[in-house]
Amino acid sequence: MGGSRLAVPRARWSAARKLGLTLVSILAVSALPARHAPWGLLLLAVLIGAARVAGLTLRSWLKRWLVALPFLLSVSLLGLFQPHGGALFLAVLVKSTVSLLAVQLLLHTTPASDLLRTLRRAHVPEILCSTILLLQRYWVLLADEAARMRRARAGRTLRSGRLELWRAQGNALGLLFVRTVARAERVQAAMRARGAP
Amino acid sequence: MTPALEVRDLEFRFASGVSALSGVTFSVEPGECLALIGPNGAGKSTLLLHLNGILPEHAAERASGSVRVHGRLVDAGTRASGWVQKQVGLLFQDPDDQLFCPTVAEDVAFGPEQLGCAPAEIEERVARALARVGLQGFETRMPHQLSCGEKKRVGLAGLLAYEPSVLVLDEPSAGLDPRGRRELIGLLAELPITRLIATHDLALVAELCPRTVLLDGGKVVAARATRELLCDDALMLAHGMECPRRDLPPSLLAEPSERI
Amino acid sequence: MHIPDGFLSARVAAGSGVTAGLGVAFACARVRATGLGARRALLGVSAAFVFAAQLVNFPVAAGTSGHLIGAALVAALLGLPAAIVVMTAVLVVQCLVFGDGGVLALGANVLNMALVSCVVGYSVDRLACGKNPSPTRRVAAVAFAGWCATVAAAVSCAEELALSGVARFGVVLPAMVGVHALIGIGEAMISGLLVASVLRLRPELLARASANHSRNALGSGLGLALVAALLLAPFSSAAPDGLLRVAAGLGAQAHASSPSSAPLPDYTLPGLGTGALATVLVGACGALLIFGLCWLFARLVVPRRRGSATAESTPSPIAAE
């Protein structure tokens with residue numbers, strides 16, 4: 001997740017402004033018709049420059065690009081079946097790469113909490129915002145409970161073998177869920193005991 | 001005679017950089033009942049997790065020194081093959097860290113199943129183990145519905161069911177009511193196997209363990225005969241322990257408990 | 001199935017964004033009306049669980065991999081409106097915190113993986129369950145619902161890609177649906193396993209959800225009708241096209257119109273009129289087969305009634321498969 005680098009000029013902009021700028025960039029490049037798509041490379045160059053200023057290393061966003069590549073390739077390759085398929089294929093590749101870098105830049109220079117706060121101010125329903133918060137809170141609990149169960153099993157696994165591991169997983173998943181829900185309910189009760197709604 | 005457990009110069013650092021153990025050395029003879037005492041944060045639990053092969057868990061954690069069980073080194077190979085876990089049964093301090101099956105019967109049966117016992121034998125072992133801890137009839141109960149003391153006893157039954165040669169217990173009497181505690185002490189006194197008990201319960205230590213190791217700040221401060229150690233007021237107070245001579249009944253400290 | 005930016009045309013992104021926004025707003029209003037109350041813990045943990053489940057990628061065929069969605073499962077546990085909210089929350093976090101899925105494409109992704117999948121998953125689950133289902137039926141229902149939800153989301157995704165002119169419908173639809181019909185099997189298994197465990201360990205969690213079902217009935221019925229229209233539209237327009245093409249004569253050249261003028265790119269599959277019907281029939285048979293498999297799976301997973309407690313654990317379906 002990104003952390004804000006206050007020393008860098010761009011990073012000092014508000015989250016809303018950065019989000020807006022990102023949206024505009026993506027919109028601009030997406031709206032380019034297929035044959036004008038190479039102009040998107042210009043925007044790509046601008047973004048790469050901005051990335052260097054913001055401290056987003058080439059390696060980290062290339063890594064992200066590689067992860068997204070299978071989907072990018074598989075769908076854009078389908079475009080080759082169209083007339084002018086070659087241009088379409090390149091256009092999609094350029095647009096998606098530019099958009100990906102824009103978003104990576106946003107995430108690198110804006111902490112998640114700022115983005116979510118911006119959402120709240122943009123009148124995103126309160127229920128949705130609360131659910132996002134609950135997701136973040138209980139993610140930690142879920143991970144912790146999974147680690148506990150894994151460790152407990154490790155302490156009594158008396159023989160090696162992948163089959164044993166797989167046998168156990170089926171039961172463990174449901175139990176993990178139920179245990180985490182029970183723990184979460186205790187957390188909620190503790191919060192209510194201290195005045196939360 | 002090869003010690004059942006031998007720890008030599010064990011050092012351990014968590015991934016966060018915090019050092020938990022710095023040069024721990026001690027050994028436990030076969031059939032012996034050894035106590036491990038020390039203040040909170042001394043590293044007792046961390047040490048115990050090494051004996052059963054659970055730690056080190058992540059690549060970022062650093063451990064040096066050696067742990068040997070029946071003379072065999074505990075390394076990646078013995079951990080992966082399950083040999084260490086078969087020899088050393090560990091009872092966690094928090095029973096929620098111990099139990100991971102939907103019902104009591106399944107949890108207790110986990111060990112025997114791993115050993116490859118026949119279904120009939122598994123059933124018999126489970127019944128026997130639960131009877132030993134006083135939980136007969138609890139087979140279909142679900143661990144998350146039980147009380148803390150009951151959960152602890154299920155955990156112990158789970159270990160007894162597969163009969164390890166060494167039993168390592170982390171605060172076994174914490175959370176037990178007086179009757180449960182009495183039964184636990186009786187049970188531990190009868191077991192012929194090697195036992196290592198980490199505990200704050202000094203009365204239990206005085207009753208069960210002829211020898212005690214005192215751990216503080218990740219180091220072994222003293223390893224002596226129990227009565228001698230517990231009667232050393234200055235040492236006990238210096239390491240955050242209570243004063244047994246002042247707080248325990250004199251009868252407990254006077255009689256040597258030689259029963260193994 | 002998270003569509004990145006750069007694939008969808010502005011029209012499709014806007015259209016799906018508006019639809020998704022309306023759907024989510026409606027769901028939020030419904031949840032607010034009934035109140036979160038005691039369900040906060042279940043809501044949060046479900047969201048975390050779905051998030052974790054979506055991290056799991058498994059290879060399907062020839063270099064493609066897919067991931068679980070979790071919509072049907074959440075709908076079974078929380079009811080339809082809350083399920084939509086949970087899935088949307090997960091997608092928003094994935095997009096804005098991890099950059100998974102495009103920002104402008106968020107509307108489309110929400111439409112596919114939060115709205116379409118939840119509505120289909122919920123409705124199929126309700127239909128297959130009936131009143132007071134046996135544990136086996138309950139598990140089979142949610143497993144089948146999970147499969148249907150995955151396939152429905154794939155159809156919706158394919159439509160968006162085709163409408164954007166990125167790929168031809170006749171190519172992208174079979175590709176997406178084919179891959180996700182396989183992924184859906186994994187989804188069915190996980191959903192079934194989880195519901196079986198919850199039924200065994202805390203059945204009241206599921207009972208609580210079904211208490212709200214009557215109130216949701218009208219809304220879900222409407223939602224299902226809308227989703228069905230959404231999904232089946234391309235087929236309905238294809239049939240007359242195909243028929244016309246055949247009717248125009250075998251000698252006529254079928255000529256491709258440019259992607260931007262036609263609402264849907266042309267098919268090259270000949271005789272699509274009868275082809276569409278055949279596709280539907282094959283699809284229906286396939287679905288019945290999948291339901292049968294789900295039932296078998298449920299039989300494996302749900303513990304049989306035992307007289308005396310034994311140490312045997314429930315037979316693990318994974319080892320049995």
# chains A, B, ... in the order shown; residues from 1 in each chain; ligands from 1
$ interface_residues --of "chain A" --to "chain C" --cutoff "6 Å" --atoms "only C-alpha atoms" --output "VMD selection string"
chain A and resid 30 78 to 79 92 95 to 96 99 112 132 134 to 135 138 to 139 167 174 181 184 to 185
$ closest_atom_pairs --of "chain A" --to "chain B" --cutoff "8 Å" --atoms "only C-alpha atoms" --output "CSV"
residue,atom,partner,partner_atom,distance
A:Arg148,CA,B:Asp97,CA,5.5
A:Met149,CA,B:Phe100,CA,5.7
A:Arg151,CA,B:Ile54,CA,7.1
A:Ala152,CA,B:Gln98,CA,5.0
A:Arg153,CA,B:Phe100,CA,7.0
A:Ala154,CA,B:Ile54,CA,6.7
A:Gly155,CA,B:Gln85,CA,6.0
A:Arg156,CA,B:Gln85,CA,5.7
A:Thr157,CA,B:Gly82,CA,5.9
A:Leu158,CA,B:Gly82,CA,4.2
A:Arg159,CA,B:Gly82,CA,4.5
A:Ser160,CA,B:Ser81,CA,4.9
A:Asn171,CA,B:Cys101,CA,7.7
A:Ala172,CA,B:Cys101,CA,7.3
A:Leu175,CA,B:Pro102,CA,6.5
A:Arg179,CA,B:His144,CA,7.6
$ residues_around --residues "segment 223-227 of chain C" --least-positions-apart "2" --cutoff "8 Å" --atoms "only C-alpha atoms" --output "VMD selection string"
chain C and resid 116 119 to 120 123 219 to 221 229 to 231
$ write_last_selection --atoms "C-alpha atoms" --output "PDB file, in the first residue's frame"
ATOM      1  CA  VAL C 116     -25.441  -9.985 -11.198  1.00  0.00           C
ATOM      2  CA  VAL C 119     -28.933 -11.729  -7.552  1.00  0.00           C
ATOM      3  CA  VAL C 120     -28.470 -14.927  -9.541  1.00  0.00           C
ATOM      4  CA  SER C 123     -32.389 -16.478  -6.453  1.00  0.00           C
ATOM      5  CA  GLY C 219     -36.950  -7.239  -4.563  1.00  0.00           C
ATOM      6  CA  SER C 220     -35.051 -10.338  -5.560  1.00  0.00           C
ATOM      7  CA  GLY C 221     -37.732 -11.375  -7.998  1.00  0.00           C
ATOM      8  CA  ALA C 229     -33.074  -9.519 -19.374  1.00  0.00           C
ATOM      9  CA  LEU C 230     -29.512  -8.281 -19.191  1.00  0.00           C
ATOM     10  CA  LEU C 231     -28.003 -11.666 -19.776  1.00  0.00           C
TER      11      LEU C 231
END
$ interface_residues --of "chain B" --to "chain C" --cutoff "9 Å" --atoms "only C-alpha atoms" --output "number ranges by chain"
B: 102-110, 119, 122-123, 126, 139-140, 142
$ write_last_selection --atoms "N, CA and C atoms" --output "PDB file, in the first residue's frame"
ATOM      1  N   PRO B 102     -13.701 -29.607  14.658  1.00  0.00           N
ATOM      2  CA  PRO B 102     -15.064 -29.189  15.003  1.00  0.00           C
ATOM      3  C   PRO B 102     -15.626 -29.845  16.270  1.00  0.00           C
ATOM      4  N   THR B 103     -15.245 -31.091  16.560  1.00  0.00           N
ATOM      5  CA  THR B 103     -15.773 -31.707  17.778  1.00  0.00           C
ATOM      6  C   THR B 103     -14.626 -32.212  18.642  1.00  0.00           C
ATOM      7  N   VAL B 104     -14.942 -32.459  19.905  1.00  0.00           N
ATOM      8  CA  VAL B 104     -13.951 -32.948  20.858  1.00  0.00           C
ATOM      9  C   VAL B 104     -13.372 -34.276  20.393  1.00  0.00           C
ATOM     10  N   ALA B 105     -14.260 -35.172  19.981  1.00  0.00           N
ATOM     11  CA  ALA B 105     -13.802 -36.504  19.561  1.00  0.00           C
ATOM     12  C   ALA B 105     -12.819 -36.408  18.399  1.00  0.00           C
ATOM     13  N   GLU B 106     -13.146 -35.569  17.431  1.00  0.00           N
ATOM     14  CA  GLU B 106     -12.257 -35.434  16.266  1.00  0.00           C
ATOM     15  C   GLU B 106     -10.914 -34.878  16.673  1.00  0.00           C
ATOM     16  N   ASP B 107     -10.937 -33.908  17.589  1.00  0.00           N
ATOM     17  CA  ASP B 107      -9.679 -33.295  17.999  1.00  0.00           C
ATOM     18  C   ASP B 107      -8.796 -34.296  18.721  1.00  0.00           C
ATOM     19  N   VAL B 108      -9.392 -35.057  19.630  1.00  0.00           N
ATOM     20  CA  VAL B 108      -8.596 -36.034  20.377  1.00  0.00           C
ATOM     21  C   VAL B 108      -8.130 -37.145  19.445  1.00  0.00           C
ATOM     22  N   ALA B 109      -8.950 -37.465  18.448  1.00  0.00           N
ATOM     23  CA  ALA B 109      -8.606 -38.550  17.531  1.00  0.00           C
ATOM     24  C   ALA B 109      -7.546 -38.149  16.515  1.00  0.00           C
ATOM     25  N   PHE B 110      -7.271 -36.871  16.407  1.00  0.00           N
ATOM     26  CA  PHE B 110      -6.355 -36.399  15.356  1.00  0.00           C
ATOM     27  C   PHE B 110      -5.000 -37.081  15.430  1.00  0.00           C
ATOM     28  N   PRO B 119      -9.621 -47.821  13.069  1.00  0.00           N
ATOM     29  CA  PRO B 119     -10.753 -47.069  13.631  1.00  0.00           C
ATOM     30  C   PRO B 119     -11.176 -47.531  15.022  1.00  0.00           C
ATOM     31  N   ILE B 122      -8.663 -46.247  17.449  1.00  0.00           N
ATOM     32  CA  ILE B 122      -8.801 -44.793  17.613  1.00  0.00           C
ATOM     33  C   ILE B 122      -9.910 -44.495  18.602  1.00  0.00           C
ATOM     34  N   GLU B 123     -11.040 -45.181  18.401  1.00  0.00           N
ATOM     35  CA  GLU B 123     -12.187 -44.938  19.271  1.00  0.00           C
ATOM     36  C   GLU B 123     -11.844 -45.264  20.720  1.00  0.00           C
ATOM     37  N   VAL B 126      -9.490 -42.614  22.184  1.00  0.00           N
ATOM     38  CA  VAL B 126     -10.202 -41.366  22.479  1.00  0.00           C
ATOM     39  C   VAL B 126     -10.977 -41.513  23.782  1.00  0.00           C
ATOM     40  N   GLU B 139     -17.672 -36.376  23.778  1.00  0.00           N
ATOM     41  CA  GLU B 139     -17.196 -36.617  22.413  1.00  0.00           C
ATOM     42  C   GLU B 139     -17.824 -35.724  21.364  1.00  0.00           C
ATOM     43  N   THR B 140     -19.147 -35.529  21.447  1.00  0.00           N
ATOM     44  CA  THR B 140     -19.808 -34.787  20.378  1.00  0.00           C
ATOM     45  C   THR B 140     -19.890 -33.293  20.658  1.00  0.00           C
ATOM     46  N   MET B 142     -18.756 -29.384  21.024  1.00  0.00           N
ATOM     47  CA  MET B 142     -17.903 -28.559  20.176  1.00  0.00           C
ATOM     48  C   MET B 142     -16.993 -27.703  21.033  1.00  0.00           C
TER      49      MET B 142
END
$ residues_around --residues "Ala50 of chain A" --least-positions-apart "4" --cutoff "12 Å" --atoms "only C-alpha atoms" --output "ChimeraX atom specification"
/A:8-11,43-46,54-58,101-102,104-106,108-109
$ write_last_selection --atoms "N, CA and C atoms" --output "PDB file, in the first residue's frame"
ATOM      1  N   VAL A   8       7.713  15.258  -1.551  1.00  0.00           N
ATOM      2  CA  VAL A   8       7.500  15.356  -2.991  1.00  0.00           C
ATOM      3  C   VAL A   8       6.312  16.259  -3.273  1.00  0.00           C
ATOM      4  N   PRO A   9       6.462  17.231  -4.186  1.00  0.00           N
ATOM      5  CA  PRO A   9       5.385  18.205  -4.428  1.00  0.00           C
ATOM      6  C   PRO A   9       4.041  17.547  -4.730  1.00  0.00           C
ATOM      7  N   ARG A  10       4.035  16.597  -5.622  1.00  0.00           N
ATOM      8  CA  ARG A  10       2.746  16.047  -6.032  1.00  0.00           C
ATOM      9  C   ARG A  10       2.028  15.365  -4.879  1.00  0.00           C
ATOM     10  N   ALA A  11       2.810  14.741  -4.020  1.00  0.00           N
ATOM     11  CA  ALA A  11       2.198  13.980  -2.946  1.00  0.00           C
ATOM     12  C   ALA A  11       1.484  14.879  -1.954  1.00  0.00           C
ATOM     13  N   LEU A  43       1.219  10.164 -22.835  1.00  0.00           N
ATOM     14  CA  LEU A  43       0.738  10.204 -21.454  1.00  0.00           C
ATOM     15  C   LEU A  43       1.535   9.223 -20.602  1.00  0.00           C
ATOM     16  N   LEU A  44       1.866   8.091 -21.201  1.00  0.00           N
ATOM     17  CA  LEU A  44       2.646   7.084 -20.483  1.00  0.00           C
ATOM     18  C   LEU A  44       3.992   7.674 -20.065  1.00  0.00           C
ATOM     19  N   ALA A  45       4.616   8.402 -21.002  1.00  0.00           N
ATOM     20  CA  ALA A  45       5.907   9.022 -20.697  1.00  0.00           C
ATOM     21  C   ALA A  45       5.775  10.012 -19.549  1.00  0.00           C
ATOM     22  N   VAL A  46       4.708  10.827 -19.590  1.00  0.00           N
ATOM     23  CA  VAL A  46       4.460  11.795 -18.510  1.00  0.00           C
ATOM     24  C   VAL A  46       4.328  11.073 -17.171  1.00  0.00           C
ATOM     25  N   ALA A  54       7.925  10.708  -7.799  1.00  0.00           N
ATOM     26  CA  ALA A  54       7.225  10.268  -6.583  1.00  0.00           C
ATOM     27  C   ALA A  54       7.912   9.100  -5.903  1.00  0.00           C
ATOM     28  N   GLY A  55       8.917   8.532  -6.567  1.00  0.00           N
ATOM     29  CA  GLY A  55       9.627   7.441  -5.916  1.00  0.00           C
ATOM     30  C   GLY A  55       9.020   6.073  -6.171  1.00  0.00           C
ATOM     31  N   LEU A  56       8.135   5.999  -7.171  1.00  0.00           N
ATOM     32  CA  LEU A  56       7.569   4.691  -7.507  1.00  0.00           C
ATOM     33  C   LEU A  56       8.542   4.008  -8.458  1.00  0.00           C
ATOM     34  N   THR A  57       9.155   2.936  -7.984  1.00  0.00           N
ATOM     35  CA  THR A  57      10.203   2.315  -8.792  1.00  0.00           C
ATOM     36  C   THR A  57       9.612   1.603  -9.992  1.00  0.00           C
ATOM     37  N   LEU A  58      10.431   1.566 -11.060  1.00  0.00           N
ATOM     38  CA  LEU A  58      10.029   0.881 -12.288  1.00  0.00           C
ATOM     39  C   LEU A  58       9.679  -0.570 -11.990  1.00  0.00           C
ATOM     40  N   LEU A 101      -0.639   2.269 -14.697  1.00  0.00           N
ATOM     41  CA  LEU A 101       0.401   3.107 -14.097  1.00  0.00           C
ATOM     42  C   LEU A 101      -0.215   4.283 -13.351  1.00  0.00           C
ATOM     43  N   ALA A 102      -1.268   4.868 -13.937  1.00  0.00           N
ATOM     44  CA  ALA A 102      -1.925   5.992 -13.266  1.00  0.00           C
ATOM     45  C   ALA A 102      -2.439   5.579 -11.897  1.00  0.00           C
ATOM     46  N   GLN A 104      -1.446   2.967 -10.084  1.00  0.00           N
ATOM     47  CA  GLN A 104      -0.327   2.631  -9.206  1.00  0.00           C
ATOM     48  C   GLN A 104       0.272   3.887  -8.591  1.00  0.00           C
ATOM     49  N   LEU A 105       0.380   4.925  -9.393  1.00  0.00           N
ATOM     50  CA  LEU A 105       0.911   6.195  -8.916  1.00  0.00           C
ATOM     51  C   LEU A 105       0.012   6.758  -7.817  1.00  0.00           C
ATOM     52  N   LEU A 106      -1.295   6.692  -8.058  1.00  0.00           N
ATOM     53  CA  LEU A 106      -2.246   7.176  -7.068  1.00  0.00           C
ATOM     54  C   LEU A 106      -2.080   6.422  -5.757  1.00  0.00           C
ATOM     55  N   HIS A 108       0.447   4.779  -4.696  1.00  0.00           N
ATOM     56  CA  HIS A 108       1.764   4.965  -4.092  1.00  0.00           C
ATOM     57  C   HIS A 108       1.841   6.264  -3.305  1.00  0.00           C
ATOM     58  N   THR A 109       1.109   7.285  -3.778  1.00  0.00           N
ATOM     59  CA  THR A 109       1.231   8.592  -3.138  1.00  0.00           C
ATOM     60  C   THR A 109       0.079   8.921  -2.200  1.00  0.00           C
TER      61      THR A 109
END
$ select_by_dssp --residues "segment 25-182 of chain B" --states "strand (DSSP E)" --output "list in words"
Thr25, Phe26, Ser27, Val28, Cys33, Leu34, Ala35, Leu36, Ile37, Arg62, Ala63, Ser64, Gly65, Ser66, Val67, Arg68, Val69, Arg72, Leu73, Val88, Gly89, Leu90, Leu91, Val166, Leu167, Val168, Leu169 and Asp170 of chain B
$ decode --residues "segment 84-119 of chain C" --atoms "N, CA and C atoms" --output "CSV table (one decimal), in the first residue's frame"
chain,number,residue,atom,x,y,z
C,84,ILE,N,-25.0,-7.8,-1.5
C,84,ILE,CA,-24.5,-6.8,-2.5
C,84,ILE,C,-23.6,-5.8,-1.9
C,85,VAL,N,-23.9,-5.4,-0.7
C,85,VAL,CA,-23.1,-4.4,0.0
C,85,VAL,C,-21.7,-5.0,0.3
C,86,VAL,N,-21.7,-6.2,0.8
C,86,VAL,CA,-20.4,-6.8,1.1
C,86,VAL,C,-19.5,-7.0,-0.1
C,87,MET,N,-20.1,-7.5,-1.2
C,87,MET,CA,-19.3,-7.7,-2.4
C,87,MET,C,-18.8,-6.4,-3.0
C,88,THR,N,-19.6,-5.4,-2.9
C,88,THR,CA,-19.2,-4.1,-3.4
C,88,THR,C,-18.1,-3.5,-2.6
C,89,ALA,N,-18.2,-3.7,-1.2
C,89,ALA,CA,-17.1,-3.2,-0.4
C,89,ALA,C,-15.8,-3.9,-0.7
C,90,VAL,N,-15.8,-5.2,-0.9
C,90,VAL,CA,-14.6,-6.0,-1.3
C,90,VAL,C,-14.0,-5.4,-2.6
C,91,LEU,N,-14.9,-5.2,-3.6
C,91,LEU,CA,-14.4,-4.7,-4.9
C,91,LEU,C,-13.8,-3.3,-4.8
C,92,VAL,N,-14.4,-2.5,-4.0
C,92,VAL,CA,-13.9,-1.1,-3.8
C,92,VAL,C,-12.5,-1.1,-3.1
C,93,VAL,N,-12.4,-2.0,-2.1
C,93,VAL,CA,-11.1,-2.1,-1.4
C,93,VAL,C,-10.1,-2.6,-2.4
C,94,GLN,N,-10.4,-3.7,-3.1
C,94,GLN,CA,-9.5,-4.2,-4.1
C,94,GLN,C,-9.0,-3.2,-5.1
C,95,CYS,N,-10.0,-2.4,-5.6
C,95,CYS,CA,-9.7,-1.4,-6.6
C,95,CYS,C,-8.8,-0.2,-6.0
C,96,LEU,N,-9.3,0.4,-4.9
C,96,LEU,CA,-8.7,1.6,-4.5
C,96,LEU,C,-7.5,1.4,-3.5
C,97,VAL,N,-7.4,0.2,-3.0
C,97,VAL,CA,-6.3,-0.1,-2.1
C,97,VAL,C,-5.2,-0.9,-2.7
C,98,PHE,N,-5.6,-1.9,-3.6
C,98,PHE,CA,-4.6,-2.8,-4.2
C,98,PHE,C,-4.5,-2.6,-5.7
C,99,GLY,N,-5.3,-1.7,-6.3
C,99,GLY,CA,-5.3,-1.5,-7.7
C,99,GLY,C,-5.7,-2.7,-8.5
C,100,ASP,N,-6.5,-3.6,-7.9
C,100,ASP,CA,-7.0,-4.8,-8.6
C,100,ASP,C,-8.3,-4.5,-9.3
C,101,GLY,N,-8.3,-4.4,-10.7
C,101,GLY,CA,-9.5,-3.9,-11.3
C,101,GLY,C,-9.5,-2.4,-11.6
C,102,GLY,N,-9.9,-2.0,-12.7
C,102,GLY,CA,-9.7,-0.6,-13.1
C,102,GLY,C,-10.7,0.3,-12.3
C,103,VAL,N,-10.3,1.6,-12.2
C,103,VAL,CA,-11.1,2.6,-11.5
C,103,VAL,C,-12.3,2.9,-12.3
C,104,LEU,N,-12.1,3.2,-13.6
C,104,LEU,CA,-13.3,3.5,-14.4
C,104,LEU,C,-14.1,2.3,-14.6
C,105,ALA,N,-13.5,1.1,-14.6
C,105,ALA,CA,-14.2,-0.1,-14.8
C,105,ALA,C,-14.9,-0.6,-13.5
C,106,LEU,N,-14.7,0.1,-12.4
C,106,LEU,CA,-15.3,-0.4,-11.2
C,106,LEU,C,-16.8,-0.6,-11.3
C,107,GLY,N,-17.5,0.3,-12.0
C,107,GLY,CA,-18.9,0.1,-12.2
C,107,GLY,C,-19.2,-1.2,-12.8
C,108,ALA,N,-18.5,-1.5,-13.9
C,108,ALA,CA,-18.7,-2.8,-14.6
C,108,ALA,C,-18.4,-4.0,-13.7
C,109,ASN,N,-17.3,-3.9,-12.9
C,109,ASN,CA,-16.9,-5.0,-12.0
C,109,ASN,C,-18.0,-5.2,-10.9
C,110,VAL,N,-18.5,-4.0,-10.4
C,110,VAL,CA,-19.5,-4.2,-9.4
C,110,VAL,C,-20.8,-4.8,-10.0
C,111,LEU,N,-21.1,-4.4,-11.2
C,111,LEU,CA,-22.3,-4.9,-11.9
C,111,LEU,C,-22.1,-6.4,-12.0
C,112,ASN,N,-21.0,-6.9,-12.4
C,112,ASN,CA,-20.8,-8.3,-12.6
C,112,ASN,C,-20.7,-9.1,-11.3
C,113,MET,N,-19.8,-8.7,-10.5
C,113,MET,CA,-19.4,-9.5,-9.3
C,113,MET,C,-20.2,-9.2,-8.1
C,114,ALA,N,-20.9,-8.1,-8.0
C,114,ALA,CA,-21.7,-7.8,-6.8
C,114,ALA,C,-23.2,-7.9,-7.1
C,115,LEU,N,-23.6,-7.3,-8.3
C,115,LEU,CA,-25.0,-7.3,-8.5
C,115,LEU,C,-25.5,-8.6,-9.2
C,116,VAL,N,-25.0,-8.8,-10.4
C,116,VAL,CA,-25.4,-10.0,-11.2
C,116,VAL,C,-25.2,-11.3,-10.4
C,117,SER,N,-24.0,-11.4,-9.9
C,117,SER,CA,-23.7,-12.7,-9.2
C,117,SER,C,-24.5,-12.9,-8.0
C,118,CYS,N,-24.7,-11.8,-7.2
C,118,CYS,CA,-25.5,-11.9,-6.0
C,118,CYS,C,-27.0,-12.2,-6.3
C,119,VAL,N,-27.5,-11.5,-7.3
C,119,VAL,CA,-28.9,-11.7,-7.6
C,119,VAL,C,-29.2,-13.2,-8.1
